[in-house]
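Have a look at input_26.txt below; it lists compact mmCIF, C-alpha atoms.
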# COMPACT_ATOMS: atom_id res chain seq x y z
CA MET M 1 15.70 -0.09 27.87
CA GLY M 2 17.94 1.47 30.50
CA PHE M 3 20.02 4.51 29.61
CA SER M 4 22.63 6.21 31.72
CA VAL M 5 22.26 9.93 32.31
CA SER M 6 24.92 10.65 29.69
CA LYS M 7 23.19 8.56 27.00
CA LYS M 8 20.28 10.01 25.06
CA ARG M 9 17.62 8.23 22.97
CA VAL M 10 16.97 10.00 19.68
CA ILE M 11 14.44 9.18 16.97
CA ILE M 12 15.09 10.39 13.44
CA SER M 13 13.23 9.96 10.18
CA LEU M 14 14.86 9.27 6.84
CA GLY M 15 13.22 9.97 3.51
CA THR M 16 14.27 9.94 -0.13
CA ASN M 17 12.62 10.17 -3.55
CA LEU M 18 15.47 10.96 -5.96
CA GLY M 19 18.07 8.66 -7.45
CA LEU M 20 18.60 5.14 -6.14
CA CYS M 21 16.38 5.54 -3.09
CA SER M 22 17.22 2.29 -1.29
CA LYS M 23 20.93 3.07 -1.74
CA ASN M 24 20.33 6.61 -0.42
CA LEU M 25 18.86 5.16 2.78
CA GLU M 26 21.79 2.72 3.11
CA ASN M 27 24.29 5.55 2.61
CA ALA M 28 22.57 7.81 5.15
CA ILE M 29 22.48 5.00 7.73
CA ALA M 30 26.17 4.26 7.12
CA ALA M 31 26.97 7.96 7.56
CA LEU M 32 25.01 8.07 10.83
CA ASP M 33 26.68 4.90 12.04
CA SER M 34 30.13 6.39 11.37
CA LEU M 35 29.56 9.34 13.73
CA ASN M 36 31.57 9.07 16.94
CA GLY M 37 29.49 8.77 20.09
CA LEU M 38 26.35 7.72 18.23
CA SER M 39 24.94 4.23 17.73
CA ILE M 40 21.94 2.98 15.81
CA LEU M 41 19.80 0.82 18.10
CA LYS M 42 16.86 0.02 15.83
CA LEU M 43 15.71 0.58 12.26
CA SER M 44 12.13 0.32 11.06
CA ARG M 45 11.10 -1.42 7.90
CA ILE M 46 11.28 0.70 4.75
CA TYR M 47 7.97 2.03 3.46
CA LEU M 48 6.98 3.35 0.05
CA THR M 49 4.91 6.47 0.72
CA GLN M 50 2.78 8.95 -1.12
CA PRO M 51 4.29 12.45 -1.20
CA GLN M 52 2.63 14.93 1.17
CA ASP M 53 2.28 18.70 0.79
CA LYS M 54 3.57 18.59 -2.83
CA PRO M 55 1.95 15.59 -4.55
CA ASP M 56 3.45 16.14 -8.05
CA GLN M 57 6.74 14.37 -7.33
CA PRO M 58 8.00 10.77 -7.07
CA TRP M 59 6.90 8.61 -4.16
CA PHE M 60 9.25 8.36 -1.18
CA LEU M 61 11.04 5.60 0.64
CA ASN M 62 10.78 6.33 4.37
CA GLN M 63 12.32 4.78 7.44
CA VAL M 64 12.72 5.66 11.13
CA ALA M 65 15.82 5.03 13.25
CA MET M 66 16.35 4.94 16.99
CA LEU M 67 19.78 6.17 18.00
CA VAL M 68 21.62 6.47 21.26
CA THR M 69 24.07 9.34 21.64
CA GLY M 70 26.80 9.96 24.13
CA PRO M 71 27.40 13.08 26.25
CA GLU M 72 29.27 14.85 23.45
CA TRP M 73 25.99 15.27 21.53
CA ASN M 74 23.21 17.80 22.01
CA PRO M 75 20.18 18.47 19.79
CA TRP M 76 21.89 21.25 17.83
CA SER M 77 25.12 19.37 17.20
CA LEU M 78 23.07 16.41 15.97
CA LEU M 79 21.00 18.69 13.72
CA GLN M 80 24.24 20.08 12.28
CA ALA M 81 25.58 16.56 11.67
CA LEU M 82 22.35 15.52 9.93
CA GLN M 83 22.47 18.60 7.71
CA GLN M 84 26.10 17.82 6.82
CA ILE M 85 25.12 14.28 5.81
CA GLU M 86 22.29 15.68 3.66
CA LEU M 87 24.68 18.16 2.03
CA LYS M 88 27.35 15.51 1.34
CA MET M 89 24.71 13.26 -0.22
CA GLY M 90 23.62 16.07 -2.57
CA ARG M 91 20.53 17.44 -0.85
CA SER M 92 19.24 20.58 -2.53
CA ARG M 93 16.74 22.85 -0.81
CA ASN M 94 15.64 24.75 -3.92
CA VAL M 95 12.01 23.56 -3.86
CA PRO M 96 10.32 23.60 -0.44
CA LYS M 97 8.75 20.18 0.27
CA GLY M 98 10.10 19.09 -3.12
CA PRO M 99 12.05 16.03 -4.26
CA ARG M 100 15.18 15.19 -2.31
CA VAL M 101 18.07 12.75 -2.32
CA ILE M 102 17.81 12.48 1.47
CA ASP M 103 15.90 14.14 4.27
CA LEU M 104 16.94 13.54 7.88
CA ASP M 105 14.71 14.95 10.62
CA ILE M 106 14.98 14.77 14.40
CA LEU M 107 11.59 13.54 15.59
CA SER M 108 12.38 13.14 19.29
CA TYR M 109 15.44 13.93 21.38
CA ASN M 110 15.50 12.15 24.74
CA SER M 111 11.81 12.98 25.29
CA ARG M 112 12.66 16.69 25.46
CA THR M 113 10.52 19.51 24.14
CA ILE M 114 12.65 21.98 22.17
CA CYS M 115 11.47 25.15 20.50
CA SER M 116 14.24 27.22 18.97
CA PRO M 117 14.58 29.05 15.64
CA GLU M 118 16.68 26.15 14.27
CA LEU M 119 14.92 23.18 15.81
CA VAL M 120 11.48 22.17 17.07
CA VAL M 121 11.18 18.78 18.81
CA PRO M 122 9.04 16.77 18.69
CA HIS M 123 8.91 17.48 14.97
CA PRO M 124 5.92 19.82 14.47
CA ALA M 125 4.30 17.80 11.64
CA MET M 126 5.02 14.39 13.14
CA LYS M 127 1.47 13.67 14.37
CA LYS M 128 0.04 14.25 10.88
CA ARG M 129 2.40 11.95 8.99
CA ALA M 130 1.67 8.26 8.68
CA PHE M 131 5.02 7.88 6.90
CA VAL M 132 6.64 8.78 10.24
CA LEU M 133 4.20 7.26 12.73
CA VAL M 134 3.86 3.83 11.08
CA PRO M 135 7.64 3.16 10.94
CA LEU M 136 7.97 4.55 14.48
CA MET M 137 5.39 1.96 15.60
CA ASP M 138 7.74 -0.74 14.21
CA ILE M 139 10.57 0.19 16.56
CA TYR M 140 9.05 2.11 19.49
CA PRO M 141 5.34 1.35 19.94
CA GLU M 142 5.38 2.70 23.51
CA PHE M 143 6.41 6.20 22.30
CA THR M 144 4.36 8.94 23.94
CA PHE M 145 4.17 12.59 22.90
CA PRO M 146 4.90 15.30 25.50
CA ASP M 147 1.16 16.07 25.70
CA GLY M 148 0.51 12.48 26.82
CA GLN M 149 -0.92 11.25 23.52
CA SER M 150 0.23 7.75 22.64
CA LEU M 151 1.62 6.78 19.27
CA GLN M 152 -1.44 4.56 18.73
CA GLN M 153 -3.79 7.49 19.45
CA ALA M 154 -1.90 9.70 17.00
CA LEU M 155 -2.19 7.03 14.29
CA GLU M 156 -5.91 6.64 14.92
CA SER M 157 -6.44 10.38 14.47
CA ILE M 158 -5.17 10.57 10.86
CA PRO M 159 -6.51 9.02 7.67
CA PHE M 160 -4.16 6.54 5.99
CA ARG M 161 -4.06 3.04 4.58
CA ILE M 162 -1.28 0.46 4.46
CA ASP M 163 -0.96 -2.22 1.81
CA ASN M 164 2.11 -4.37 2.56
CA ASN M 165 4.83 -1.72 3.00
CA ILE M 166 3.02 0.97 0.99
CA ILE M 167 1.48 3.86 2.93
CA TYR M 168 -1.31 5.85 1.29
CA GLN M 169 -2.35 9.06 3.01
Full structure transcribed into structure tokens:
Amino acid sequence: MGFSVSKKRVIISLGTNLGLCSKNLENAIAALDSLNGLSILKLSRIYLTQPQDKPDQPWFLNQVAMLVTGPEWNPWSLLQALQQIELKMGRSRNVPKGPRVIDLDILSYNSRTICSPELVVPHPAMKKRAFVLVPLMDIYPEFTFPDGQSLQQALESIPFRIDNNIIYQ
């Protein structure tokens, strides 16, 4: 896939476990698609996934999207736009790792490594999460982490099981 210098490939994850989850994903994708200078190139399948970190909550629907952004976007402006979408959709941050209407995370931004107080890319927990890596394999199997580890190697290093589109970890 060829990109001009001004275009950037971005990978984001989408997750939801409150309300009408499939509708939440549709609404988040529509909100992303409506942003000027941003296009959705690919969407993974939707997976039903076991909650991580805080198991006493409903299961999640998870998906990964590949976007292309124009020169008007940078990692922080995209983060701000994602947080605005979450807020408009009713995201509450009262319970850390708790249930949420929508969660939008930047996983990768044009293969850059970013470490700032607001944003760490690649996402710091990405390699441990089958609910991110499996959908990413759907749309970008050649993805490589900055340390040279392949997506396949990352998947092989964590315990998980898939049954149809259900991920157990």
- Message: Under the rule that all atoms listed in the file are counted, which of M:Gly37, M:Gln52, M:Trp76, M:Ile167 is the nearest residue to Ser116 (chain M)?
- Response: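 Residue with the minimum atom-to-atom distance to Ser116 (chain M): M:Trp76.
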- Message: Using only C-alpha atoms, can you tell me which of M:Ile102, M:Ile139, M:Ser111, M:Phe145 comes closest to Ala31 (chain M)?
- Response: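 Result for the nearest residue to Ala31 (chain M): M:Ile102.
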- Message: If we count all atoms listed in the file and set the cut-off at 6 Å, which residues sit around region 103-107 of chain M, ignoring sequence neighbours fewer than 6 positions away in its own chain? Please answer as a count of residues only.
- Response: 7
- Task: Measuring atom to atom with only C-alpha atoms, identify which of M:Met126, M:Leu79, M:Met89, M:Leu133 is nearest to Ala30 (chain M).
- Result: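 Among the listed residues, M:Met89 lies closest to Ala30 (chain M).
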- Item | Which residue of M:Lys23, M:Lys54, M:Arg112, M:Arg9 approaches Leu41 (chain M) most closely, using only C-alpha atoms |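 Of M:Lys23, M:Lys54, M:Arg112, M:Arg9, the one nearest Leu41 (chain M), counting only C-alpha atoms, is M:Arg9.
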- Could you check how far CA of Tyr140 (chain M) sits from CA of Lys42 (chain M), in Å to one decimal?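 Going from CA of Tyr140 (chain M) over to CA of Lys42 (chain M), I get 8.9 Å.
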- With all atoms listed in the file counted, which protein, DNA or RNA residues have an atom no more than 7 Å from (1.8, 3.6, 13.2) in the file frame? Please answer as a list in words. Ala130, Leu133, Val134, Pro135, Leu136, Met137, Leu151, Gln152 and Leu155 of chain M
- Message: Need to verify the contact set: Arg91 (chain M), 9 Å, all atoms listed in the file, exclusion of same-chain residues closer than 4 positions in sequence. Can you return it as a list in words?
- Response: Gln83, Ile85, Glu86, Leu87, Arg100, Val101, Ile102 and Asp103 of chain M
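Here CA of Leu67 (chain M) and CA of Lys8 (chain M) stand 8.1 Å from one another.
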- Message: List as a list of chain:residue names the residues having at least one atom at most 7 Å from position (17.2, 20.7, 17.5) as given in the file, counting only C-alpha atoms.
- Response: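 Residues found, by chain and rising number: M:Pro75, M:Trp76, M:Leu79, M:Ile114, M:Glu118, M:Leu119, M:Val120, M:Val121.
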- Query: What separation in Å, quoted to one decimal, exists between CA of Met66 (chain M) and CA of Val10 (chain M)?
  - Reply: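 Computing it gives 5.8 Å between the two atoms.
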- Message: I'd like to know which of M:Gln169, M:Asn17, M:Ser77, M:Ser22 is closest to Val132 (chain M), using only C-alpha atoms.
- Response: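 Checking each candidate against Val132 (chain M), we get M:Gln169 as the closest.
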- Choose the residue, out of M:Glu156, M:Gln50, M:Leu25, M:Leu32, that has the smallest atom-to-atom separation from Val68 (chain M); count only C-alpha atoms.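 Checking each of M:Glu156, M:Gln50, M:Leu25, M:Leu32 against Val68 (chain M), counting only C-alpha atoms, the winner is M:Leu32.
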- Quick one: residues within 12 Å of Asn164 (chain M), all atoms listed in the file counted, chain neighbours fewer than 3 positions away excluded, as a list in words?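 With the cut-off at 12 Å, the set is Arg45, Ile46, Tyr47, Leu48, Thr49, Val134, Arg161, Ile167 and Tyr168 of chain M.
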Box time for region 52-55 of chain M: axis-aligned, enclosing all its listed atoms, 6 Å extra on each side; report centre and edge lengths in Å to one decimal, as JSON.
{"center_x": 2.8, "center_y": 16.8, "center_z": -1.7, "size_x": 13.6, "size_y": 15.8, "size_z": 17.7}
